[in-house]
$ cat protein-v1.csv   # CSV, C-alpha atoms
chain,number,residue,atom,x,y,z
A,21,MET,CA,0.0,0.0,0.0
A,22,LEU,CA,2.8,2.4,1.0
A,23,LYS,CA,4.6,1.5,-2.2
A,24,LYS,CA,1.5,2.5,-4.3
A,25,ILE,CA,1.2,5.8,-2.4
A,26,LEU,CA,4.9,6.6,-3.1
A,27,VAL,CA,4.4,5.8,-6.8
A,28,VAL,CA,1.3,8.0,-7.1
A,29,SER,CA,3.1,10.8,-5.2
A,30,LEU,CA,6.1,10.6,-7.5
A,31,LEU,CA,3.8,10.6,-10.6
A,32,LEU,CA,2.0,13.7,-9.3
A,33,THR,CA,5.2,15.5,-8.5
A,34,THR,CA,6.6,14.7,-12.0
A,35,ALA,CA,3.4,15.9,-13.6
A,36,VAL,CA,3.5,19.2,-11.7
A,37,MET,CA,7.1,19.7,-12.7
A,38,VAL,CA,6.4,19.1,-16.4
A,39,SER,CA,3.4,21.3,-16.3
A,40,THR,CA,5.4,24.1,-14.6
A,41,ALA,CA,8.2,23.8,-17.1
A,42,ALA,CA,5.7,24.0,-20.0
A,43,HIS,CA,4.3,27.2,-18.7
A,44,ALA,CA,7.5,29.0,-18.0
A,45,GLU,CA,10.2,30.6,-20.3
A,46,ASN,CA,13.1,28.5,-21.5
A,47,ALA,CA,16.1,29.9,-19.5
A,48,ASN,CA,18.5,29.4,-22.4
A,49,HIS,CA,16.1,31.2,-24.7
A,50,LEU,CA,15.8,34.1,-22.3
A,51,SER,CA,19.6,34.3,-21.9
A,52,GLN,CA,19.9,34.2,-25.7
A,53,LEU,CA,17.5,37.1,-26.1
A,54,LEU,CA,19.2,39.3,-23.6
A,55,SER,CA,22.7,38.6,-24.9
A,56,THR,CA,22.0,38.6,-28.7
A,57,LYS,CA,18.5,40.0,-29.2
A,58,GLU,CA,18.1,37.1,-31.7
A,59,CYS,CA,15.3,34.9,-30.5
A,60,SER,CA,13.0,33.8,-33.3
A,61,LYS,CA,10.6,31.1,-32.3
A,62,CYS,CA,11.8,31.2,-28.7
A,63,ASN,CA,9.8,30.0,-25.7
A,64,LEU,CA,9.4,33.1,-23.5
A,65,VAL,CA,6.2,32.2,-21.8
A,66,ASN,CA,5.7,34.4,-18.7
A,67,ALA,CA,9.1,35.9,-19.1
A,68,GLY,CA,9.9,38.9,-16.9
A,69,LEU,CA,11.2,41.6,-19.3
A,70,VAL,CA,10.1,44.8,-17.6
A,71,LEU,CA,12.0,47.8,-18.8
A,72,GLY,CA,13.9,45.5,-21.2
A,73,GLU,CA,16.1,47.1,-23.8
A,74,LEU,CA,15.0,45.1,-26.8
A,75,SER,CA,15.2,47.6,-29.7
A,76,GLY,CA,15.7,45.9,-33.0
A,77,ALA,CA,15.3,42.4,-31.4
A,78,ASP,CA,14.2,39.5,-33.5
A,79,LEU,CA,11.2,37.9,-31.7
A,80,SER,CA,9.4,36.7,-34.8
A,81,GLN,CA,7.1,33.8,-34.0
A,82,ALA,CA,8.2,33.8,-30.4
A,83,ASN,CA,5.9,32.4,-27.7
A,84,LEU,CA,5.4,35.4,-25.4
A,85,VAL,CA,2.2,34.3,-23.8
A,86,GLY,CA,1.8,36.1,-20.4
A,87,ALA,CA,5.2,37.8,-20.7
A,88,ASN,CA,5.7,41.0,-18.8
A,89,LEU,CA,7.2,43.6,-21.2
A,90,SER,CA,5.9,46.6,-19.4
A,91,GLN,CA,7.8,49.8,-20.4
A,92,ALA,CA,10.2,47.7,-22.5
A,93,ARG,CA,11.9,49.4,-25.4
A,94,LEU,CA,11.0,47.4,-28.5
A,95,ILE,CA,11.7,50.1,-31.1
A,96,GLY,CA,11.9,48.5,-34.5
A,97,ALA,CA,11.6,45.0,-33.1
A,98,ASN,CA,10.6,42.1,-35.3
A,99,LEU,CA,7.5,40.6,-33.6
A,100,LYS,CA,6.0,39.0,-36.8
A,101,GLY,CA,3.7,36.2,-35.9
A,102,ALA,CA,4.6,36.4,-32.2
A,103,ASN,CA,2.0,35.1,-29.7
A,104,LEU,CA,1.5,37.9,-27.2
A,105,THR,CA,-1.7,36.5,-25.6
A,106,GLY,CA,-2.1,37.9,-22.1
A,107,ALA,CA,1.2,39.7,-22.3
A,108,SER,CA,1.8,43.1,-20.8
A,109,LEU,CA,3.1,45.8,-23.0
A,110,ASN,CA,1.9,48.6,-20.8
A,111,GLY,CA,3.8,51.7,-21.6
A,112,ALA,CA,6.1,49.8,-23.9
A,113,ASP,CA,7.8,51.7,-26.8
A,114,LEU,CA,6.9,49.8,-30.0
A,115,THR,CA,7.7,52.6,-32.4
A,116,GLY,CA,8.4,51.1,-35.8
A,117,ALA,CA,8.0,47.6,-34.6
A,118,ASP,CA,6.7,44.9,-37.0
A,119,LEU,CA,3.7,43.1,-35.5
A,120,THR,CA,2.4,41.6,-38.7
A,121,GLY,CA,0.2,38.6,-37.9
A,122,ALA,CA,1.0,38.8,-34.2
A,123,VAL,CA,-1.6,37.4,-31.8
A,124,LEU,CA,-2.7,40.1,-29.4
A,125,ASN,CA,-5.5,38.5,-27.5
A,126,SER,CA,-6.1,40.1,-24.1
A,127,THR,CA,-2.8,41.9,-24.5
A,128,ASP,CA,-2.2,45.0,-22.4
A,129,LEU,CA,-1.2,47.8,-24.7
A,130,ARG,CA,-2.3,50.6,-22.4
A,131,ASP,CA,-0.2,53.8,-22.8
A,132,ALA,CA,2.0,52.0,-25.4
A,133,PHE,CA,3.8,53.9,-28.2
A,134,LEU,CA,2.8,52.5,-31.5
A,135,GLY,CA,3.8,55.2,-34.0
A,136,GLY,CA,4.9,53.6,-37.3
A,137,ALA,CA,4.3,50.1,-36.0
A,138,ASN,CA,3.1,47.6,-38.6
A,139,LEU,CA,-0.2,46.0,-37.4
A,140,THR,CA,-1.2,44.3,-40.6
A,141,GLY,CA,-3.3,41.2,-40.0
A,142,VAL,CA,-3.6,42.0,-36.3
A,143,SER,CA,-6.8,42.1,-34.3
A,144,LEU,CA,-7.1,44.4,-31.3
A,145,GLN,CA,-10.7,43.5,-30.6
A,146,ASN,CA,-9.8,41.9,-27.2
A,147,SER,CA,-6.8,44.0,-26.3
A,148,TYR,CA,-6.5,46.8,-23.8
A,149,ILE,CA,-5.5,49.9,-25.7
A,150,GLN,CA,-6.5,52.8,-23.4
A,151,GLY,CA,-4.0,55.6,-23.8
A,152,ALA,CA,-2.1,53.9,-26.6
A,153,VAL,CA,-0.5,56.4,-29.0
A,154,GLY,CA,0.0,56.2,-32.7
A,155,LEU,CA,-2.3,53.3,-33.7
A,156,ALA,CA,-2.1,52.7,-37.4
A,157,GLY,CA,-5.2,52.7,-39.6
A,158,THR,CA,-4.7,48.9,-40.2
A,159,ALA,CA,-5.2,48.3,-36.5
A,160,GLY,CA,-9.0,48.3,-36.8
A,161,SER,CA,-12.1,49.4,-38.6
A,162,ALA,CA,-13.7,52.8,-38.6
A,163,ASP,CA,-16.2,51.5,-36.0
A,164,ASP,CA,-13.3,50.2,-33.8
A,165,PHE,CA,-11.6,53.5,-33.8
A,166,ALA,CA,-14.8,55.3,-33.1
A,167,LYS,CA,-15.5,53.1,-30.1
A,168,TRP,CA,-11.9,53.6,-28.8
A,169,GLY,CA,-12.4,57.3,-29.3
A,170,TYR,CA,-15.4,57.2,-27.1
A,171,ALA,CA,-13.7,55.1,-24.5
A,172,GLU,CA,-10.9,57.7,-24.2
A,173,TRP,CA,-13.5,60.5,-24.1
A,174,GLN,CA,-15.1,58.7,-21.1
A,175,LYS,CA,-11.7,58.7,-19.4
A,176,ASN,CA,-11.2,62.4,-20.0
A,177,ASN,CA,-8.3,61.7,-22.3
A,178,TYR,CA,-9.5,64.1,-25.0
A,179,LYS,CA,-6.3,64.2,-27.0
A,180,GLY,CA,-6.4,60.4,-27.3
A,181,SER,CA,-10.0,60.6,-28.1
A,182,ILE,CA,-9.5,63.0,-31.0
A,183,GLU,CA,-6.7,60.8,-32.4
A,184,HIS,CA,-9.0,57.8,-32.5
A,185,PHE,CA,-12.0,59.7,-33.9
A,186,SER,CA,-9.7,61.3,-36.6
A,187,GLN,CA,-8.5,57.8,-37.6
A,188,ALA,CA,-12.2,56.6,-37.8
A,189,ILE,CA,-12.9,59.6,-40.1
A,190,ARG,CA,-9.9,58.8,-42.3
A,191,LEU,CA,-11.3,55.3,-42.7
A,192,ASN,CA,-14.9,56.4,-43.2
A,193,PRO,CA,-15.3,60.1,-44.1
A,194,GLN,CA,-19.1,59.7,-43.8
A,195,MET,CA,-19.1,58.7,-40.2
A,196,GLY,CA,-21.3,61.2,-38.5
A,197,ASN,CA,-20.9,59.9,-35.0
A,198,ALA,CA,-17.1,60.1,-35.3
A,199,TYR,CA,-17.4,63.8,-36.3
A,200,TYR,CA,-19.8,64.4,-33.4
A,201,GLY,CA,-17.5,62.6,-30.9
A,202,ARG,CA,-14.5,64.6,-32.1
A,203,ALA,CA,-16.5,67.8,-31.7
A,204,MET,CA,-17.2,66.9,-28.1
A,205,ALA,CA,-13.6,66.2,-27.4
A,206,ARG,CA,-12.4,69.4,-29.1
A,207,TYR,CA,-14.9,71.4,-27.1
A,208,ARG,CA,-13.6,69.8,-23.9
A,209,LEU,CA,-10.1,71.1,-24.9
A,210,GLN,CA,-11.7,74.6,-25.5
A,211,ASP,CA,-11.3,74.4,-29.2
A,212,ASP,CA,-14.7,76.0,-30.0
A,213,ALA,CA,-13.9,76.6,-33.6
A,214,GLY,CA,-12.9,73.0,-34.3
A,215,ALA,CA,-15.8,71.7,-32.3
A,216,THR,CA,-18.2,73.8,-34.3
A,217,VAL,CA,-16.8,72.7,-37.7
A,218,ASP,CA,-17.0,69.0,-36.6
A,219,ALA,CA,-20.5,69.3,-35.2
A,220,THR,CA,-21.7,71.1,-38.4
A,221,LYS,CA,-20.2,68.3,-40.5
A,222,ALA,CA,-21.9,65.7,-38.3
A,223,GLU,CA,-25.2,67.5,-38.7
A,224,GLN,CA,-24.9,67.4,-42.5
A,225,ILE,CA,-24.1,63.7,-42.6
A,226,PHE,CA,-26.9,62.9,-40.2
A,227,LYS,CA,-29.3,64.8,-42.5
A,228,GLN,CA,-28.1,63.0,-45.6
A,229,LYS,CA,-28.7,59.6,-43.8
A,230,GLY,CA,-32.2,60.7,-42.7
A,231,ASP,CA,-31.2,60.7,-39.0
A,232,ILE,CA,-33.1,63.9,-38.2
A,233,ALA,CA,-32.9,63.4,-34.4
A,234,SER,CA,-29.1,63.2,-34.4
A,235,ALA,CA,-28.9,66.1,-36.9
A,236,THR,CA,-31.0,68.2,-34.6
A,237,ASN,CA,-28.8,67.4,-31.6
A,238,ALA,CA,-25.7,68.3,-33.5
A,239,GLN,CA,-27.3,71.6,-34.5
A,240,ASN,CA,-28.3,72.3,-30.9
A,241,PHE,CA,-24.7,71.6,-29.9
A,242,VAL,CA,-23.4,74.2,-32.3
A,243,LYS,CA,-26.0,76.7,-30.9
A,244,SER,CA,-25.0,75.8,-27.4
A,245,ILE,CA,-21.4,76.6,-28.1
A,246,GLU,CA,-22.4,80.0,-29.4
A,247,ILE,CA,-24.5,80.6,-26.3
A,248,ALA,CA,-21.7,79.5,-23.9
A,249,ARG,CA,-19.3,82.0,-25.6
A,250,GLN,CA,-21.6,84.9,-25.0
A,251,PRO,CA,-20.9,87.1,-21.9
A,252,THR,CA,-23.2,86.2,-19.0
A,253,LYS,CA,-25.8,88.8,-18.2
A,254,PRO,CA,-26.8,89.4,-14.5
A,255,SER,CA,-30.5,89.1,-15.3
A,256,GLN,CA,-30.0,85.7,-16.9
A,257,GLY,CA,-28.9,84.2,-13.5
A,258,GLY,CA,-25.9,82.4,-14.9
A,259,GLY,CA,-26.4,81.7,-18.6
A,260,GLY,CA,-24.9,78.9,-20.6
A,261,SER,CA,-21.7,77.4,-19.2
A,262,PHE,CA,-19.0,75.0,-20.3
A,263,VAL,CA,-20.4,72.3,-18.1
A,264,ASP,CA,-24.0,72.9,-19.1
A,265,VAL,CA,-23.3,72.5,-22.8
A,266,ILE,CA,-21.5,69.1,-22.3
A,267,THR,CA,-24.2,67.9,-19.9
A,268,GLY,CA,-27.0,68.7,-22.4
A,269,VAL,CA,-25.5,66.8,-25.3
A,270,ALA,CA,-23.4,64.0,-23.9
A,271,SER,CA,-26.4,61.6,-24.0
A,272,THR,CA,-26.4,61.9,-27.8
A,273,LEU,CA,-22.8,60.7,-28.0
A,274,LEU,CA,-23.6,57.8,-25.6
A,275,LYS,CA,-26.3,56.4,-27.9
A,276,PHE,CA,-23.8,55.8,-30.7
A,277,PHE,CA,-21.7,53.5,-28.6
$ encode --input "protein-v1.csv" --output "structure tokens"
Amino acid sequence: MLKKILVVSLLLTTAVMVSTAAHAENANHLSQLLSTKECSKCNLVNAGLVLGELSGADLSQANLVGANLSQARLIGANLKGANLTGASLNGADLTGADLTGAVLNSTDLRDAFLGGANLTGVSLQNSYIQGAVGLAGTAGSADDFAKWGYAEWQKNNYKGSIEHFSQAIRLNPQMGNAYYGRAMARYRLQDDAGATVDATKAEQIFKQKGDIASATNAQNFVKSIEIARQPTKPSQGGGGSFVDVITGVASTLLKFF
């Protein structure tokens, strides 16, 4: 009986060791990456590479599932076909990196720098991209960028919101809600002129599509901007204010997303 217990215990211990090994980085591969920056097809599962200097590194088709690359420098890195499922690239610099065909499922790209990065064949549908800078037009559809723009607007990141809405408009120049969202973000940054231009364009598009309710709201937004810019008269008891305008039209933006 004791012999059987020892055998079972040994088998369980071995299974745990094998399982652990299968879910951790290969030490030799990690050493290879850090010393040569050449690690194509390497096993770097759950690797700790926070603040890593990996500019120009070859990580094509590498297994980086669960790896921690927060604030790493990956400028110009080759990440073609790499599996970055569940990896953290929070605040990482991926400027000019090649992510063609990479798997970015549940990947943390918050506050990452992506200017010039190649995202061809990449889906960011299930990634976390709040605060990401420089997303290329190939990173998503017009609808995706519009949704991301609204998400940034909700977080009071109006510059990021404008960037996403602008990308949505480049992909679909007839996207009224993107113009309307950008108008709201510009108004928050006290760009009354830009907000007016965008809201007017949104109104025109809504009218063309027969969405009279949205067109009326966009028109009212423009009027509210003008009212808010007028000097407050004592007899009016306060008049239109910056906050009043936003409060009155934010619900319109909400319905689009």
$ closest_atom_pairs --input "protein-v1.csv" --of "segment 68-108 of chain A" --to "segment 46-62 of chain A" --cutoff "10 Å" --atoms "all atoms listed in the file" --output "tab-separated table"
residue	atom	partner	partner_atom	distance
A:Gly68	CA	A:Leu50	CA	9.3
A:Leu69	CA	A:Leu50	CA	9.3
A:Gly72	CA	A:Leu54	CA	8.5
A:Glu73	CA	A:Leu54	CA	8.4
A:Leu74	CA	A:Lys57	CA	6.6
A:Ser75	CA	A:Lys57	CA	8.3
A:Gly76	CA	A:Lys57	CA	7.6
A:Ala77	CA	A:Lys57	CA	4.6
A:Asp78	CA	A:Glu58	CA	4.9
A:Leu79	CA	A:Ser60	CA	4.8
A:Ser80	CA	A:Ser60	CA	4.9
A:Gln81	CA	A:Lys61	CA	4.7
A:Ala82	CA	A:Lys61	CA	4.1
A:Asn83	CA	A:Cys62	CA	6.1
A:Leu84	CA	A:Cys62	CA	8.3
A:Ala97	CA	A:Lys57	CA	9.4
A:Asn98	CA	A:Ser60	CA	8.9
A:Leu99	CA	A:Ser60	CA	8.8
A:Lys100	CA	A:Ser60	CA	9.4
A:Gly101	CA	A:Lys61	CA	9.3
A:Ala102	CA	A:Lys61	CA	8.0
A:Asn103	CA	A:Lys61	CA	9.8
$ axis_aligned_box --input "protein-v1.csv" --around "segment 138-152 of chain A" --padding-each-side "8 Å" --output "JSON"
{"center_x": -3.8, "center_y": 48.4, "center_z": -32.0, "size_x": 29.8, "size_y": 30.4, "size_z": 33.2}
$ residues_around --input "protein-v1.csv" --residues "Asn176 of chain A" --least-positions-apart "2" --cutoff "12 Å" --atoms "all atoms listed in the file" --output "PDB file with C-alpha atoms, in the coordinates of the input"
ATOM      1  CA  GLN A 150      -6.500  52.800 -23.400  1.00  0.00           C
ATOM      2  CA  GLY A 151      -4.000  55.600 -23.800  1.00  0.00           C
ATOM      3  CA  GLY A 169     -12.400  57.300 -29.300  1.00  0.00           C
ATOM      4  CA  TYR A 170     -15.400  57.200 -27.100  1.00  0.00           C
ATOM      5  CA  ALA A 171     -13.700  55.100 -24.500  1.00  0.00           C
ATOM      6  CA  GLU A 172     -10.900  57.700 -24.200  1.00  0.00           C
ATOM      7  CA  TRP A 173     -13.500  60.500 -24.100  1.00  0.00           C
ATOM      8  CA  GLN A 174     -15.100  58.700 -21.100  1.00  0.00           C
ATOM      9  CA  TYR A 178      -9.500  64.100 -25.000  1.00  0.00           C
ATOM     10  CA  LYS A 179      -6.300  64.200 -27.000  1.00  0.00           C
ATOM     11  CA  GLY A 180      -6.400  60.400 -27.300  1.00  0.00           C
ATOM     12  CA  SER A 181     -10.000  60.600 -28.100  1.00  0.00           C
ATOM     13  CA  ILE A 182      -9.500  63.000 -31.000  1.00  0.00           C
ATOM     14  CA  MET A 204     -17.200  66.900 -28.100  1.00  0.00           C
ATOM     15  CA  ALA A 205     -13.600  66.200 -27.400  1.00  0.00           C
ATOM     16  CA  ARG A 206     -12.400  69.400 -29.100  1.00  0.00           C
ATOM     17  CA  ARG A 208     -13.600  69.800 -23.900  1.00  0.00           C
ATOM     18  CA  LEU A 209     -10.100  71.100 -24.900  1.00  0.00           C
TER      19      LEU A 209
END
$ atom_distance --input "protein-v1.csv" --atom1 "atom CA of Gly201 of chain A" --atom2 "atom CA of Lys175 of chain A"
13.5 Å
$ atom_distance --input "protein-v1.csv" --atom1 "atom CA of Asp211 of chain A" --atom2 "atom CA of Asn177 of chain A"
14.8 Å
$ closest_residue --input "protein-v1.csv" --among "A:Ser90, A:Ser244, A:Ser126, A:Ser161" --to "Tyr207 of chain A" --atoms "all atoms listed in the file"
A:Ser244
$ residues_near_point --input "protein-v1.csv" --point "(12.9, 52.1, -22.5)" --cutoff "7 Å" --atoms "all atoms listed in the file" --output "PyMOL selection string"
chain A and resi 71-73+91-93+113
$ residues_around --input "protein-v1.csv" --residues "Asn197 of chain A" --least-positions-apart "4" --cutoff "12 Å" --atoms "all atoms listed in the file" --output "number ranges by chain"
A: 162-163, 165-167, 169-170, 185-186, 188-189, 192-193, 201-204, 218-226, 229, 231, 234-235, 237-238, 272-277
$ residues_near_point --input "protein-v1.csv" --point "(2.9, 42.5, -27.2)" --cutoff "8 Å" --atoms "all atoms listed in the file" --output "PyMOL selection string"
chain A and resi 84+89+103-105+107-109+124+127-129
$ atom_distance --input "protein-v1.csv" --atom1 "atom CA of Ala233 of chain A" --atom2 "atom CA of Gly160 of chain A"
28.4 Å
